[in-house]
$ cat structure_3.txt   # compact mmCIF, N, CA and C atoms
# COMPACT_ATOMS: atom_id res chain seq x y z
N MET D 968 -18.67 -32.55 -1.75
CA MET D 968 -18.02 -31.39 -2.31
C MET D 968 -16.51 -31.65 -2.39
N ASP D 969 -16.06 -31.94 -3.56
CA ASP D 969 -14.65 -32.22 -3.79
C ASP D 969 -14.03 -31.04 -4.53
N VAL D 970 -13.81 -29.95 -3.81
CA VAL D 970 -13.36 -28.70 -4.42
C VAL D 970 -11.84 -28.66 -4.56
N LEU D 971 -11.12 -29.23 -3.62
CA LEU D 971 -9.67 -29.11 -3.61
C LEU D 971 -9.00 -29.67 -4.87
N PRO D 972 -9.38 -30.86 -5.38
CA PRO D 972 -8.73 -31.30 -6.62
C PRO D 972 -9.00 -30.37 -7.80
N ASP D 973 -10.16 -29.72 -7.83
CA ASP D 973 -10.44 -28.77 -8.90
C ASP D 973 -9.51 -27.57 -8.82
N LEU D 974 -9.25 -27.09 -7.62
CA LEU D 974 -8.33 -25.96 -7.46
C LEU D 974 -6.90 -26.34 -7.82
N ALA D 975 -6.53 -27.57 -7.53
CA ALA D 975 -5.15 -28.01 -7.79
C ALA D 975 -4.91 -28.27 -9.27
N THR D 976 -5.95 -28.61 -10.03
CA THR D 976 -5.76 -28.95 -11.44
C THR D 976 -6.05 -27.79 -12.38
N ARG D 977 -6.55 -26.68 -11.86
CA ARG D 977 -6.79 -25.53 -12.72
C ARG D 977 -5.48 -24.96 -13.22
N PRO D 978 -5.41 -24.55 -14.47
CA PRO D 978 -4.15 -23.98 -14.96
C PRO D 978 -3.89 -22.60 -14.34
N MET D 979 -2.61 -22.29 -14.19
CA MET D 979 -2.23 -20.98 -13.64
C MET D 979 -2.40 -19.93 -14.72
N THR D 980 -3.07 -18.86 -14.37
CA THR D 980 -3.23 -17.74 -15.29
C THR D 980 -2.50 -16.54 -14.71
N VAL D 981 -2.33 -15.53 -15.53
CA VAL D 981 -1.65 -14.33 -15.07
C VAL D 981 -2.44 -13.67 -13.96
N GLU D 982 -3.74 -13.59 -14.11
CA GLU D 982 -4.58 -12.93 -13.10
C GLU D 982 -4.56 -13.70 -11.79
N ARG D 983 -4.64 -15.01 -11.86
CA ARG D 983 -4.60 -15.84 -10.65
C ARG D 983 -3.25 -15.70 -9.94
N SER D 984 -2.19 -15.67 -10.72
CA SER D 984 -0.85 -15.51 -10.16
C SER D 984 -0.72 -14.16 -9.46
N ARG D 985 -1.24 -13.12 -10.06
CA ARG D 985 -1.16 -11.79 -9.46
C ARG D 985 -1.95 -11.72 -8.16
N TRP D 986 -3.14 -12.32 -8.12
CA TRP D 986 -3.94 -12.31 -6.90
C TRP D 986 -3.25 -13.10 -5.80
N MET D 987 -2.65 -14.23 -6.15
CA MET D 987 -1.93 -15.01 -5.14
C MET D 987 -0.72 -14.24 -4.62
N GLY D 988 -0.01 -13.56 -5.51
CA GLY D 988 1.14 -12.78 -5.10
C GLY D 988 0.75 -11.63 -4.19
N ARG D 989 -0.31 -10.94 -4.54
CA ARG D 989 -0.77 -9.83 -3.70
C ARG D 989 -1.22 -10.33 -2.33
N GLY D 990 -1.87 -11.48 -2.31
CA GLY D 990 -2.30 -12.06 -1.04
C GLY D 990 -1.12 -12.44 -0.15
N LEU D 991 -0.11 -13.06 -0.75
CA LEU D 991 1.09 -13.42 0.02
C LEU D 991 1.78 -12.18 0.57
N MET D 992 1.89 -11.14 -0.25
CA MET D 992 2.53 -9.91 0.22
C MET D 992 1.72 -9.25 1.33
N ALA D 993 0.41 -9.30 1.23
CA ALA D 993 -0.43 -8.71 2.27
C ALA D 993 -0.28 -9.47 3.59
N VAL D 994 -0.26 -10.78 3.53
CA VAL D 994 -0.09 -11.58 4.75
C VAL D 994 1.28 -11.30 5.36
N ALA D 995 2.32 -11.23 4.53
CA ALA D 995 3.67 -10.95 5.05
C ALA D 995 3.74 -9.56 5.66
N ALA D 996 3.10 -8.59 5.06
CA ALA D 996 3.10 -7.23 5.61
C ALA D 996 2.34 -7.18 6.93
N LEU D 997 1.20 -7.85 6.99
CA LEU D 997 0.44 -7.89 8.25
C LEU D 997 1.23 -8.59 9.35
N LEU D 998 1.95 -9.64 8.99
CA LEU D 998 2.78 -10.34 9.97
C LEU D 998 3.88 -9.43 10.50
N THR D 999 4.48 -8.65 9.63
CA THR D 999 5.53 -7.72 10.05
C THR D 999 4.97 -6.61 10.94
N VAL D 1000 3.82 -6.07 10.58
CA VAL D 1000 3.19 -5.02 11.40
C VAL D 1000 2.81 -5.58 12.76
N TRP D 1001 2.28 -6.80 12.79
CA TRP D 1001 1.92 -7.42 14.05
C TRP D 1001 3.16 -7.59 14.91
N TRP D 1002 4.28 -8.03 14.32
CA TRP D 1002 5.52 -8.23 15.07
C TRP D 1002 6.06 -6.89 15.61
N LEU D 1003 6.01 -5.84 14.79
CA LEU D 1003 6.49 -4.53 15.24
C LEU D 1003 5.65 -3.99 16.39
N ARG D 1004 4.35 -4.18 16.32
CA ARG D 1004 3.48 -3.74 17.41
C ARG D 1004 3.76 -4.53 18.68
N ARG D 1005 3.99 -5.82 18.51
CA ARG D 1005 4.32 -6.65 19.65
C ARG D 1005 5.70 -6.29 20.22
N LEU D 1006 6.60 -5.85 19.36
CA LEU D 1006 7.95 -5.45 19.80
C LEU D 1006 7.88 -4.28 20.78
N VAL D 1007 6.94 -3.38 20.55
CA VAL D 1007 6.80 -2.22 21.44
C VAL D 1007 6.22 -2.65 22.79
N ARG D 1008 5.29 -3.60 22.78
CA ARG D 1008 4.62 -3.99 24.01
C ARG D 1008 5.37 -5.05 24.81
N ARG D 1009 5.90 -6.05 24.11
CA ARG D 1009 6.62 -7.14 24.78
C ARG D 1009 7.93 -7.41 24.03
N PRO D 1010 8.96 -6.63 24.32
CA PRO D 1010 10.18 -6.73 23.53
C PRO D 1010 10.91 -8.06 23.66
N LEU D 1011 10.92 -8.67 24.82
CA LEU D 1011 11.69 -9.89 25.00
C LEU D 1011 11.11 -11.04 24.18
N THR D 1012 9.81 -11.25 24.27
CA THR D 1012 9.22 -12.35 23.50
C THR D 1012 9.25 -12.06 22.01
N SER D 1013 9.16 -10.80 21.63
CA SER D 1013 9.23 -10.45 20.21
C SER D 1013 10.61 -10.73 19.64
N LEU D 1014 11.64 -10.46 20.42
CA LEU D 1014 13.00 -10.76 19.95
C LEU D 1014 13.23 -12.25 19.84
N LEU D 1015 12.57 -13.03 20.68
CA LEU D 1015 12.67 -14.48 20.56
C LEU D 1015 11.93 -15.01 19.33
N LEU D 1016 10.87 -14.32 18.93
CA LEU D 1016 10.11 -14.72 17.74
C LEU D 1016 10.76 -14.24 16.44
N ALA D 1017 11.65 -13.28 16.53
CA ALA D 1017 12.23 -12.66 15.33
C ALA D 1017 12.93 -13.64 14.40
N PRO D 1018 13.73 -14.61 14.89
CA PRO D 1018 14.40 -15.52 13.94
C PRO D 1018 13.45 -16.39 13.13
N VAL D 1019 12.23 -16.53 13.57
CA VAL D 1019 11.25 -17.32 12.82
C VAL D 1019 10.36 -16.43 11.97
N LEU D 1020 9.85 -15.36 12.56
CA LEU D 1020 8.85 -14.53 11.87
C LEU D 1020 9.45 -13.65 10.77
N LEU D 1021 10.58 -13.06 11.02
CA LEU D 1021 11.13 -12.13 10.02
C LEU D 1021 11.60 -12.84 8.74
N PRO D 1022 12.28 -13.98 8.81
CA PRO D 1022 12.58 -14.69 7.55
C PRO D 1022 11.31 -15.17 6.84
N ALA D 1023 10.30 -15.58 7.60
CA ALA D 1023 9.05 -16.01 6.98
C ALA D 1023 8.38 -14.83 6.26
N ALA D 1024 8.42 -13.65 6.87
CA ALA D 1024 7.84 -12.47 6.23
C ALA D 1024 8.63 -12.08 4.99
N ALA D 1025 9.96 -12.15 5.08
CA ALA D 1025 10.78 -11.83 3.91
C ALA D 1025 10.54 -12.82 2.78
N LEU D 1026 10.43 -14.09 3.09
CA LEU D 1026 10.14 -15.10 2.07
C LEU D 1026 8.76 -14.87 1.45
N GLY D 1027 7.79 -14.50 2.29
CA GLY D 1027 6.45 -14.22 1.77
C GLY D 1027 6.43 -13.02 0.84
N LEU D 1028 7.18 -11.97 1.19
CA LEU D 1028 7.26 -10.80 0.31
C LEU D 1028 7.95 -11.14 -1.00
N TRP D 1029 9.03 -11.90 -0.92
CA TRP D 1029 9.76 -12.28 -2.14
C TRP D 1029 8.91 -13.16 -3.04
N ALA D 1030 8.27 -14.18 -2.47
CA ALA D 1030 7.44 -15.08 -3.28
C ALA D 1030 6.22 -14.33 -3.84
N GLY D 1031 5.62 -13.47 -3.03
CA GLY D 1031 4.48 -12.70 -3.50
C GLY D 1031 4.84 -11.76 -4.62
N PHE D 1032 5.98 -11.08 -4.50
CA PHE D 1032 6.42 -10.19 -5.56
C PHE D 1032 6.72 -10.97 -6.84
N THR D 1033 7.36 -12.13 -6.69
CA THR D 1033 7.67 -12.95 -7.85
C THR D 1033 6.40 -13.40 -8.55
N LEU D 1034 5.40 -13.85 -7.80
CA LEU D 1034 4.14 -14.26 -8.41
C LEU D 1034 3.41 -13.08 -9.03
N ASN D 1035 3.55 -11.91 -8.44
CA ASN D 1035 2.84 -10.74 -8.95
C ASN D 1035 3.41 -10.27 -10.29
N VAL D 1036 4.71 -10.35 -10.48
CA VAL D 1036 5.30 -9.83 -11.71
C VAL D 1036 5.52 -10.90 -12.78
N MET D 1037 5.33 -12.18 -12.44
CA MET D 1037 5.57 -13.24 -13.41
C MET D 1037 4.50 -13.24 -14.51
N ASP D 1038 4.95 -13.39 -15.72
CA ASP D 1038 4.04 -13.45 -16.87
C ASP D 1038 3.97 -14.90 -17.34
N TRP D 1039 2.87 -15.56 -17.00
CA TRP D 1039 2.73 -16.99 -17.31
C TRP D 1039 2.52 -17.23 -18.80
N ASP D 1040 2.18 -16.20 -19.54
CA ASP D 1040 1.98 -16.37 -20.98
C ASP D 1040 3.29 -16.35 -21.75
N GLU D 1041 4.35 -15.86 -21.14
CA GLU D 1041 5.66 -15.78 -21.80
C GLU D 1041 6.53 -16.94 -21.34
N PRO D 1042 6.90 -17.86 -22.21
CA PRO D 1042 7.66 -19.04 -21.79
C PRO D 1042 9.03 -18.72 -21.19
N ALA D 1043 9.62 -17.59 -21.51
CA ALA D 1043 10.96 -17.27 -21.00
C ALA D 1043 10.95 -17.08 -19.49
N ASP D 1044 9.78 -16.82 -18.87
CA ASP D 1044 9.72 -16.64 -17.43
C ASP D 1044 9.89 -17.94 -16.66
N PHE D 1045 9.48 -19.06 -17.24
CA PHE D 1045 9.56 -20.30 -16.47
C PHE D 1045 10.35 -21.40 -17.16
N LEU D 1046 11.03 -21.11 -18.23
CA LEU D 1046 11.94 -22.05 -18.86
C LEU D 1046 13.37 -21.59 -18.62
N GLY D 1047 14.28 -22.53 -18.60
CA GLY D 1047 15.68 -22.17 -18.44
C GLY D 1047 16.23 -21.52 -19.69
N ASP D 1048 17.42 -20.95 -19.59
CA ASP D 1048 18.04 -20.29 -20.73
C ASP D 1048 18.30 -21.25 -21.88
N ALA D 1049 18.67 -22.48 -21.57
CA ALA D 1049 18.95 -23.46 -22.61
C ALA D 1049 17.68 -23.84 -23.37
N ASP D 1050 16.55 -23.88 -22.65
CA ASP D 1050 15.30 -24.23 -23.31
C ASP D 1050 14.75 -23.11 -24.18
N SER D 1051 14.96 -21.87 -23.78
CA SER D 1051 14.41 -20.77 -24.54
C SER D 1051 15.25 -20.45 -25.78
N ALA D 1052 16.51 -20.93 -25.82
CA ALA D 1052 17.36 -20.67 -26.96
C ALA D 1052 17.01 -21.54 -28.15
N THR D 1053 16.34 -22.64 -27.91
CA THR D 1053 16.01 -23.54 -29.04
C THR D 1053 14.69 -23.21 -29.64

$ encode --input "structure_3.txt" --output "structure tokens"
Amino acid sequence: MDVLPDLATRPMTVERSRWMGRGLMAVAALLTVWWLRRLVRRPLTSLLLAPVLLPAAALGLWAGFTLNVMDWDEPADFLGDADSAT
């Protein structure tokens, strides 16, 4: 079963991008909720985890939102300004 190369070579579609974005945002939100719950129970260790977990959650939300709103059918979303002007 050689599934991984098939997943890597499939073209990105709008629907696939949206599902990946929603998944990333869900994982980031769950990570934040887990950290907040842990903050109430064990504040010292949670504060030590904050410099790693909170930027990771913010990056996950940003990347997930970007994947969710990106329109792969429109070239202006992934080409630079110089390329779209020609």

$ closest_residue --input "structure_3.txt" --among "D:Ala1030, D:Leu1006, D:Leu1020, D:Leu1014" --to "D:Gly988" --atoms "all atoms listed in the file"
D:Ala1030

$ closest_residue --input "structure_3.txt" --among "D:Ala993, D:Thr976, D:Val981, D:Thr1012" --to "D:Asp1038" --atoms "all atoms listed in the file"
D:Val981

$ residues_around --input "structure_3.txt" --residues "D:Leu997" --least-positions-apart "6" --cutoff "10 Å" --atoms "only C-alpha atoms" --output "list of chain:residue names"
D:Leu991, D:Leu1003, D:Ala1024

$ residues_around --input "structure_3.txt" --residues "stretch 1031-1034 of chain D" --least-positions-apart "4" --cutoff "6.5 Å" --atoms "only N, CA and C atoms" --output "PDB file with N, CA and C atoms, in the frame of the given file"
ATOM      1  N   SER D 984      -2.190 -15.670 -10.720  1.00  0.00           N
ATOM      2  CA  SER D 984      -0.850 -15.510 -10.160  1.00  0.00           C
ATOM      3  C   SER D 984      -0.720 -14.160  -9.460  1.00  0.00           C
ATOM      4  N   ARG D 985      -1.240 -13.120 -10.060  1.00  0.00           N
ATOM      5  CA  ARG D 985      -1.160 -11.790  -9.460  1.00  0.00           C
ATOM      6  C   ARG D 985      -1.950 -11.720  -8.160  1.00  0.00           C
ATOM      7  N   MET D 987      -2.650 -14.230  -6.150  1.00  0.00           N
ATOM      8  CA  MET D 987      -1.930 -15.010  -5.140  1.00  0.00           C
ATOM      9  C   MET D 987      -0.720 -14.240  -4.620  1.00  0.00           C
ATOM     10  N   GLY D 988      -0.010 -13.560  -5.510  1.00  0.00           N
ATOM     11  CA  GLY D 988       1.140 -12.780  -5.100  1.00  0.00           C
ATOM     12  C   GLY D 988       0.750 -11.630  -4.190  1.00  0.00           C
ATOM     13  N   ARG D 989      -0.310 -10.940  -4.540  1.00  0.00           N
ATOM     14  CA  ARG D 989      -0.770  -9.830  -3.700  1.00  0.00           C
ATOM     15  C   ARG D 989      -1.220 -10.330  -2.330  1.00  0.00           C
ATOM     16  N   LEU D 991      -0.110 -13.060  -0.750  1.00  0.00           N
ATOM     17  CA  LEU D 991       1.090 -13.420   0.020  1.00  0.00           C
ATOM     18  C   LEU D 991       1.780 -12.180   0.570  1.00  0.00           C
ATOM     19  N   MET D 992       1.890 -11.140  -0.250  1.00  0.00           N
ATOM     20  CA  MET D 992       2.530  -9.910   0.220  1.00  0.00           C
ATOM     21  C   MET D 992       1.720  -9.250   1.330  1.00  0.00           C
ATOM     22  N   LEU D1026      10.430 -14.090   3.090  1.00  0.00           N
ATOM     23  CA  LEU D1026      10.140 -15.100   2.070  1.00  0.00           C
ATOM     24  C   LEU D1026       8.760 -14.870   1.450  1.00  0.00           C
ATOM     25  N   GLY D1027       7.790 -14.500   2.290  1.00  0.00           N
ATOM     26  CA  GLY D1027       6.450 -14.220   1.770  1.00  0.00           C
ATOM     27  C   GLY D1027       6.430 -13.020   0.840  1.00  0.00           C
TER      28      GLY D1027
END
